[in-house]
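J.: Contents of work.pdb (PDB, C-alpha atoms) are given next:
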ATOM      1  CA  MET A   1     123.166  78.489 136.559
ATOM      2  CA  ASN A   2     123.854  81.049 139.254
ATOM      3  CA  ARG A   3     121.402  83.824 140.133
ATOM      4  CA  ARG A   4     123.440  86.613 138.552
ATOM      5  CA  LYS A   5     123.519  84.932 135.138
ATOM      6  CA  MET A   6     119.810  84.078 135.398
ATOM      7  CA  PHE A   7     118.983  87.699 136.232
ATOM      8  CA  LEU A   8     120.986  89.001 133.234
ATOM      9  CA  TYR A   9     119.353  86.416 130.967
ATOM     10  CA  ILE A  10     115.857  87.503 132.098
ATOM     11  CA  LEU A  11     116.702  91.199 131.581
ATOM     12  CA  LEU A  12     118.002  90.476 128.082
ATOM     13  CA  ASN A  13     114.850  88.480 127.301
ATOM     14  CA  ILE A  14     112.623  91.345 128.512
ATOM     15  CA  PHE A  15     114.563  93.883 126.419
ATOM     16  CA  VAL A  16     114.384  91.790 123.234
ATOM     17  CA  SER A  17     110.668  91.047 123.731
ATOM     18  CA  ALA A  18     109.833  94.711 124.326
ATOM     19  CA  SER A  19     111.848  95.792 121.277
ATOM     20  CA  VAL A  20     110.174  93.284 118.958
ATOM     21  CA  THR A  21     106.692  94.114 120.276
ATOM     22  CA  GLY A  22     107.310  97.856 119.955
ATOM     23  CA  GLY A  23     108.626  97.448 116.424
ATOM     24  CA  MET A  24     105.613  95.390 115.345
ATOM     25  CA  LEU A  25     103.166  97.881 116.876
ATOM     26  CA  PHE A  26     104.924 100.772 115.131
ATOM     27  CA  TRP A  27     104.827  98.935 111.783
ATOM     28  CA  TYR A  28     101.145  98.016 112.213
ATOM     29  CA  ASP A  29     100.183 101.574 113.189
ATOM     30  CA  ARG A  30     102.105 103.062 110.257
ATOM     31  CA  ASN A  31     100.725 100.678 107.616
ATOM     32  CA  TYR A  32      97.266  99.513 108.659
ATOM     33  CA  ARG A  33      95.637 101.125 111.675
ATOM     34  CA  ALA A  34      95.604 104.672 110.292
ATOM     35  CA  VAL A  35      93.778 103.505 107.145
ATOM     36  CA  SER A  36      91.115 101.475 108.920
ATOM     37  CA  GLN A  37      90.090 104.078 111.505
ATOM     38  CA  SER A  38      86.507 105.138 110.962
ATOM     39  CA  ALA A  39      86.616 108.178 113.219
ATOM     40  CA  VAL A  40      88.752 110.227 110.843
ATOM     41  CA  THR A  41      87.270 113.656 110.254
ATOM     42  CA  GLN A  42      87.412 115.584 107.034
ATOM     43  CA  ALA A  43      89.545 118.685 106.961
ATOM     44  CA  THR A  44      87.714 121.913 106.548
ATOM     45  CA  PRO A  45      87.529 123.120 102.956
ATOM     46  CA  VAL A  46      90.264 125.539 102.083
ATOM     47  CA  SER A  47      89.680 128.448  99.755
ATOM     48  CA  GLY A  48      92.170 130.785  98.212
ATOM     49  CA  GLU A  49      95.236 128.658  98.979
ATOM     50  CA  GLY A  50      97.394 126.603  96.678
ATOM     51  CA  ALA A  51      96.810 126.155  92.960
ATOM     52  CA  PRO A  52      93.653 127.609  91.433
ATOM     53  CA  VAL A  53      90.649 125.306  91.354
ATOM     54  CA  SER A  54      89.548 126.043  87.790
ATOM     55  CA  GLY A  55      86.999 128.634  88.896
ATOM     56  CA  THR A  56      84.766 126.231  90.829
ATOM     57  CA  ASP A  57      83.554 126.196  94.404
ATOM     58  CA  LEU A  58      83.212 123.158  96.609
ATOM     59  CA  GLN A  59      80.032 121.258  95.683
ATOM     60  CA  THR A  60      78.445 119.532  98.687
ATOM     61  CA  ASP A  61      75.292 118.010  97.185
ATOM     62  CA  ILE A  62      76.998 114.593  96.923
ATOM     63  CA  PRO A  63      78.190 113.363 100.362
ATOM     64  CA  VAL A  64      81.660 112.234  99.316
ATOM     65  CA  LYS A  65      84.869 113.129 101.114
ATOM     66  CA  ILE A  66      88.564 112.446 101.302
ATOM     67  CA  SER A  67      88.731 110.794 104.722
ATOM     68  CA  SER A  68      92.493 110.765 105.059
ATOM     69  CA  VAL A  69      95.873 110.826 103.411
ATOM     70  CA  VAL A  70      98.166 108.309 105.077
ATOM     71  CA  GLY A  71     101.941 108.047 104.743
ATOM     72  CA  ALA A  72     102.507 111.369 102.964
ATOM     73  CA  GLY A  73     106.016 111.593 101.573
ATOM     74  CA  THR A  74     106.679 107.833 101.680
ATOM     75  CA  VAL A  75     105.754 106.349  98.303
ATOM     76  CA  THR A  76     105.359 102.783  99.590
ATOM     77  CA  SER A  77     102.814 103.756 102.238
ATOM     78  CA  GLU A  78     100.970 106.718 100.660
ATOM     79  CA  ILE A  79      97.228 106.067 100.585
ATOM     80  CA  VAL A  80      94.280 108.405 100.000
ATOM     81  CA  VAL A  81      90.945 107.201 101.374
ATOM     82  CA  VAL A  82      87.820 108.401  99.523
ATOM     83  CA  LYS A  83      84.500 107.704 101.253
ATOM     84  CA  PHE A  84      80.884 107.970 100.077
ATOM     85  CA  GLU A  85      78.522 108.769 102.959
ATOM     86  CA  GLY A  86      75.298 108.987 101.002
ATOM     87  CA  GLU A  87      72.531 106.541 100.322
ATOM     88  CA  ASN A  88      72.244 104.455  97.163
ATOM     89  CA  GLN A  89      75.485 104.467  95.144
ATOM     90  CA  LEU A  90      78.059 106.742  93.533
ATOM     91  CA  ASP A  91      79.733 106.096  90.167
ATOM     92  CA  LEU A  92      83.346 107.320  90.377
ATOM     93  CA  ALA A  93      84.188 106.660  86.711
ATOM     94  CA  SER A  94      86.280 109.566  85.354
ATOM     95  CA  TRP A  95      86.461 111.363  88.712
ATOM     96  CA  GLN A  96      89.900 112.814  89.442
ATOM     97  CA  LEU A  97      92.116 113.097  92.490
ATOM     98  CA  LYS A  98      94.643 115.939  92.196
ATOM     99  CA  ASP A  99      97.470 117.406  94.214
ATOM    100  CA  GLU A 100      98.813 120.967  94.025
ATOM    101  CA  ASP A 101     101.719 119.971  91.749
ATOM    102  CA  GLY A 102      99.469 118.855  88.900
ATOM    103  CA  ASN A 103      99.585 115.107  89.568
ATOM    104  CA  THR A 104      96.219 113.628  88.585
ATOM    105  CA  PHE A 105      94.701 110.201  89.246
ATOM    106  CA  THR A 106      91.613 109.379  87.161
ATOM    107  CA  PHE A 107      89.273 106.816  88.653
ATOM    108  CA  PRO A 108      88.378 103.798  86.525
ATOM    109  CA  LYS A 109      84.818 102.446  86.360
ATOM    110  CA  LEU A 110      84.040 102.007  90.057
ATOM    111  CA  THR A 111      80.873 102.245  92.132
ATOM    112  CA  LEU A 112      80.836 103.122  95.821
ATOM    113  CA  TYR A 113      77.800 102.005  97.793
ATOM    114  CA  GLN A 114      76.371 103.482 100.994
ATOM    115  CA  ASN A 115      79.239 104.157 103.454
ATOM    116  CA  GLY A 116      81.684 102.598 100.974
ATOM    117  CA  ALA A 117      85.288 103.661 100.639
ATOM    118  CA  VAL A 118      88.216 103.101  98.313
ATOM    119  CA  GLN A 119      91.940 103.458  98.973
ATOM    120  CA  VAL A 120      94.114 105.012  96.269
ATOM    121  CA  HIS A 121      97.730 103.834  96.631
ATOM    122  CA  THR A 122     100.477 105.891  95.015
ATOM    123  CA  ILE A 123     102.565 102.846  94.042
ATOM    124  CA  ALA A 124     101.841 100.346  91.284
ATOM    125  CA  GLY A 125      99.712  97.296  92.026
ATOM    126  CA  THR A 126      96.656  95.345  90.982
ATOM    127  CA  ASP A 127      93.339  97.186  91.358
ATOM    128  CA  SER A 128      90.539  95.652  93.424
ATOM    129  CA  VAL A 129      87.137  96.890  94.579
ATOM    130  CA  ILE A 130      88.651  98.553  97.657
ATOM    131  CA  ASP A 131      92.202  99.326  96.488
ATOM    132  CA  LEU A 132      93.254 101.310  93.431
ATOM    133  CA  TYR A 133      96.862 101.860  92.364
ATOM    134  CA  TRP A 134      98.192 105.036  90.745
ATOM    135  CA  GLY A 135     101.427 103.501  89.461
ATOM    136  CA  ILE A 136     103.758 106.395  90.319
ATOM    137  CA  SER A 137     107.284 105.677  91.552
ATOM    138  CA  ASP A 138     107.696 108.936  93.526
ATOM    139  CA  ALA A 139     105.752 110.246  96.513
ATOM    140  CA  VAL A 140     102.878 112.547  95.526
ATOM    141  CA  TRP A 141     101.551 113.987  98.777
ATOM    142  CA  ASN A 142     103.338 116.558 100.927
ATOM    143  CA  SER A 143     102.387 117.758 104.368
ATOM    144  CA  GLY A 144     100.377 120.986 104.190
ATOM    145  CA  GLU A 145      99.161 120.643 100.605
ATOM    146  CA  ASN A 146      95.568 120.056  99.549
ATOM    147  CA  ALA A 147      94.260 116.828  98.073
ATOM    148  CA  ARG A 148      91.273 117.613  95.827
ATOM    149  CA  LEU A 149      88.561 115.388  94.407
ATOM    150  CA  PHE A 150      86.767 116.414  91.209
ATOM    151  CA  ASP A 151      83.718 114.757  89.650
ATOM    152  CA  ALA A 152      83.551 113.711  85.979
ATOM    153  CA  GLN A 153      82.291 117.197  85.008
ATOM    154  CA  GLY A 154      85.218 118.951  86.735
ATOM    155  CA  ASN A 155      83.295 120.157  89.808
ATOM    156  CA  LEU A 156      85.271 120.247  93.060
ATOM    157  CA  ARG A 157      83.690 117.737  95.469
ATOM    158  CA  ALA A 158      86.137 117.419  98.356
ATOM    159  CA  VAL A 159      89.279 119.056  99.732
ATOM    160  CA  TYR A 160      91.571 117.591 102.381
ATOM    161  CA  ARG A 161      94.665 119.268 103.828
ATOM    162  CA  VAL A 162      97.425 116.668 104.148
ATOM    163  CA  PRO A 163      98.647 116.606 107.774
TER
END
How would this structure read if it were set down as structure tokens?
T.:
Amino acid sequence: MNRRKMFLYILLNIFVSASVTGGMLFWYDRNYRAVSQSAVTQATPVSGEGAPVSGTDLQTDIPVKISSVVGAGTVTSEIVVVKFEGENQLDLASWQLKDEDGNTFTFPKLTLYQNGAVQVHTIAGTDSVIDLYWGISDAVWNSGENARLFDAQGNLRAVYRVP
């Protein structure tokens, strides 16, 4: 094989390898890395914007937060991460996750332990101790809206502005 053909073959190989690697990194970042990052900060509570919050103020006596909303607008990758940062445990049974359009997810019997978290997927699936599935066929979260977490008594516990 002459040098010119070898050079073109090597350039083609480099291009294909870079494209495949870039595609895999993009897919991984979009679907997994954003959910597993522990350095995600909670958005500052928002008051007076969006739908009314049934006359309640943000209750902060229980250290629970919405860590992130990943994949907003894409039903197959939408995930809300709820994290408990307190000691002991937190029973999430009958807690609710709501958006500004009235969509409501009610948590089943589930206990979060110290520094525990649960991911709420918009799509249908089989629940596990770390993944819950809403079972909705359309995207719920929109950029700029607030995700809100209410306890079983209807008290607002966390607010997160979807990026």
J.: Between CA of Val81 (chain A) and CA of Trp141 (chain A), what is the spacing in Å?
T.: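 Between CA of Trp141 (chain A) and CA of Val81 (chain A) the gap works out to 12.9 Å.
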J.: Determine the residue membership of the PyMOL selection byres ((chain A and resi 70) around 8) for the file above and supply it as a list of chain:residue names.
T.: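 Evaluating the PyMOL selection byres ((chain A and resi 70) around 8) on these coordinates yields A:Ala34, A:Val35, A:Ser68, A:Val69, A:Gly71, A:Ala72, A:Ser77, A:Glu78, A:Ile79, A:Val80.
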J.: For Lys109 (chain A), list every protein, DNA or RNA residue within 12 Å, evaluated using only C-alpha atoms, and leave out those in the same chain fewer than 3 positions away; present the list as a list in words.
T.: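 Near Lys109 (chain A), the qualifying residues are Leu90, Asp91, Leu92, Ala93, Ser94, Trp95, Gln96, Thr106, Leu112, Asp127, Ser128, Val129, Leu132 and Ala152 of chain A.
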J.: To one decimal place in Å, what is the distance between CA of Val20 (chain A) and CA of Pro163 (chain A)?
T.: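 CA of Pro163 (chain A) lies at a distance of 28.3 Å from CA of Val20 (chain A).
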J.: Do you have the CA of Tyr133 (chain A)-CA of Leu97 (chain A) distance handy?
T.: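 So the answer is 12.2 Å.
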J.: Smallest atom-to-atom distance to Val120 (chain A): which of A:Asn2, A:Gln59, A:Thr104, A:Ser143, using only C-alpha atoms?
T.: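 Between A:Asn2, A:Gln59, A:Thr104, A:Ser143, the residue approaching Val120 (chain A) most closely is A:Thr104.
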J.: Name the residues in contact with Gly116 (chain A) at a cut-off of 9 Å, using all atoms listed in the file, excluding same-chain residues fewer than 4 positions from it; report them as a compact mmCIF listing (two decimals) with C-alpha atoms, in the coordinates of the input.
T.:
# COMPACT_ATOMS: atom_id res chain seq x y z
CA VAL A 82 87.82 108.40 99.52
CA LYS A 83 84.50 107.70 101.25
CA PHE A 84 80.88 107.97 100.08
CA GLU A 85 78.52 108.77 102.96
CA GLN A 89 75.48 104.47 95.14
CA THR A 111 80.87 102.24 92.13
CA LEU A 112 80.84 103.12 95.82
CA ILE A 130 88.65 98.55 97.66
J.: Kindly indicate which residue among A:Asp138, A:Val118, A:Pro63, A:Leu58 lies nearest to Leu156 (chain A), using all atoms listed in the file for the distances.
T.: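 Checking each candidate against Leu156 (chain A), we get A:Leu58 as the closest.
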J.: When you look at Asn146 (chain A) with a cut-off of 8 Å (counting all atoms listed in the file), what residues show up, excluding the ones that are within fewer than 2 positions of it in the same chain? I need them as an NGL selection string.
T.: :A and (50 or 99-100 or 144 or 148 or 159-162)
J.: Report, as lines of an AutoDock Vina configuration file, the centre and edge lengths in Å (one decimal) of the axis-aligned box enclosing every listed atom of region 15-31 of chain A, padded by 5 Å on each side.
T.:
center_x = 107.4
center_y = 97.1
center_z = 117.0
size_x = 24.4
size_y = 22.0
size_z = 28.8
J.: Out of A:Ala147, A:Met6, A:Ile123, A:Val64, which residue has the shortest atom-to-atom distance to Asn103 (chain A) when counting only C-alpha atoms?
T.: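 Checking each of A:Ala147, A:Met6, A:Ile123, A:Val64 against Asn103 (chain A), counting only C-alpha atoms, the winner is A:Ala147.
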J.: Taking only C-alpha atoms into account, which of A:Thr126, A:Ile136, A:Gly86, A:Tyr28 comes nearest Asp61 (chain A)?
T.: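 Among A:Thr126, A:Ile136, A:Gly86, A:Tyr28, it is A:Gly86 that comes nearest to Asp61 (chain A).
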J.: Counting only C-alpha atoms, which of A:Leu25, A:Ala158, A:Leu12, A:Val140 gets nearest to Phe105 (chain A)?
T.: A:Val140
J.: For Asn142 (chain A), which residue among A:Thr60, A:Asn13, A:Ser67, A:Thr74 is the nearest when counting all atoms listed in the file?
T.: A:Thr74
J.: Could I get region 45-135 of chain A from the block written as a compact mmCIF listing (two decimals), in the first residue's frame, with C-alpha atoms?
T.:
# COMPACT_ATOMS: atom_id res chain seq x y z
CA PRO A 45 -36.73 29.12 46.84
CA VAL A 46 -38.98 31.18 44.65
CA SER A 47 -41.92 33.09 46.05
CA GLY A 48 -44.69 34.83 44.23
CA GLU A 49 -44.03 33.20 40.85
CA GLY A 50 -45.98 30.56 39.01
CA ALA A 51 -49.09 28.84 40.33
CA PRO A 52 -50.20 29.57 43.88
CA VAL A 53 -48.80 27.28 46.55
CA SER A 54 -52.03 26.71 48.47
CA GLY A 55 -51.26 29.43 51.00
CA THR A 56 -48.17 27.77 52.48
CA ASP A 57 -44.60 28.93 52.88
CA LEU A 58 -41.51 26.82 52.39
CA GLN A 59 -40.97 24.61 55.46
CA THR A 60 -37.28 23.97 56.16
CA ASP A 61 -37.40 21.92 59.37
CA ILE A 62 -36.93 18.68 57.38
CA PRO A 63 -33.67 18.75 55.35
CA VAL A 64 -35.09 17.45 52.08
CA LYS A 65 -34.51 19.02 48.68
CA ILE A 66 -35.01 18.56 44.98
CA SER A 67 -31.38 18.20 43.90
CA SER A 68 -31.97 18.41 40.17
CA VAL A 69 -34.31 18.02 37.25
CA VAL A 70 -32.51 16.31 34.39
CA GLY A 71 -33.64 16.07 30.77
CA ALA A 72 -36.49 18.60 30.98
CA GLY A 73 -38.67 18.45 27.90
CA THR A 74 -37.51 14.98 26.80
CA VAL A 75 -39.89 12.39 28.26
CA THR A 76 -37.45 9.48 27.96
CA SER A 77 -34.74 11.21 29.97
CA GLU A 78 -36.70 13.39 32.43
CA ILE A 79 -35.66 12.63 36.01
CA VAL A 80 -36.25 14.52 39.26
CA VAL A 81 -33.80 13.75 42.06
CA VAL A 82 -35.13 14.13 45.63
CA LYS A 83 -32.53 13.96 48.40
CA PHE A 84 -32.82 13.68 52.19
CA GLU A 85 -29.88 15.35 53.95
CA GLY A 86 -30.96 14.77 57.52
CA GLU A 87 -30.12 12.15 60.08
CA ASN A 88 -32.26 9.09 60.79
CA GLN A 89 -34.89 8.52 58.08
CA LEU A 90 -37.72 10.19 56.19
CA ASP A 91 -40.99 8.48 55.22
CA LEU A 92 -42.07 9.82 51.80
CA ALA A 93 -45.40 7.97 51.70
CA SER A 94 -48.10 10.30 50.29
CA TRP A 95 -45.66 13.15 49.60
CA GLN A 96 -46.29 14.87 46.27
CA LEU A 97 -44.13 16.26 43.50
CA LYS A 98 -45.93 18.92 41.43
CA ASP A 99 -45.25 21.08 38.42
CA GLU A 100 -46.90 24.40 37.57
CA ASP A 101 -49.36 22.78 35.12
CA GLY A 102 -51.06 20.68 37.79
CA ASN A 103 -49.25 17.40 37.11
CA THR A 104 -48.86 15.56 40.42
CA PHE A 105 -46.77 12.52 41.36
CA THR A 106 -47.66 10.93 44.71
CA PHE A 107 -44.90 8.95 46.37
CA PRO A 108 -45.65 5.36 47.35
CA LYS A 109 -44.50 3.91 50.68
CA LEU A 110 -40.79 4.75 50.60
CA THR A 111 -38.21 5.58 53.25
CA LEU A 112 -35.11 7.67 52.60
CA TYR A 113 -32.22 7.20 54.99
CA GLN A 114 -29.43 9.64 55.86
CA ASN A 115 -28.09 11.21 52.63
CA GLY A 116 -30.44 8.98 50.61
CA ALA A 117 -31.96 9.98 47.30
CA VAL A 118 -34.60 8.76 44.90
CA GLN A 119 -35.01 9.44 41.19
CA VAL A 120 -38.51 10.05 39.83
CA HIS A 121 -38.67 9.19 36.11
CA THR A 122 -41.47 10.65 34.03
CA ILE A 123 -41.87 7.53 31.87
CA ALA A 124 -43.40 4.21 32.88
CA GLY A 125 -41.22 1.53 34.44
CA THR A 126 -40.80 -0.76 37.40
CA ASP A 127 -40.26 0.99 40.75
CA SER A 128 -37.20 0.16 42.85
CA VAL A 129 -35.73 1.61 46.04
CA ILE A 130 -33.82 4.28 44.10
CA ASP A 131 -36.00 4.72 40.99
CA LEU A 132 -39.69 5.57 40.86
CA TYR A 133 -41.71 5.84 37.65
CA TRP A 134 -44.55 8.30 37.06
CA GLY A 135 -46.00 6.53 34.03
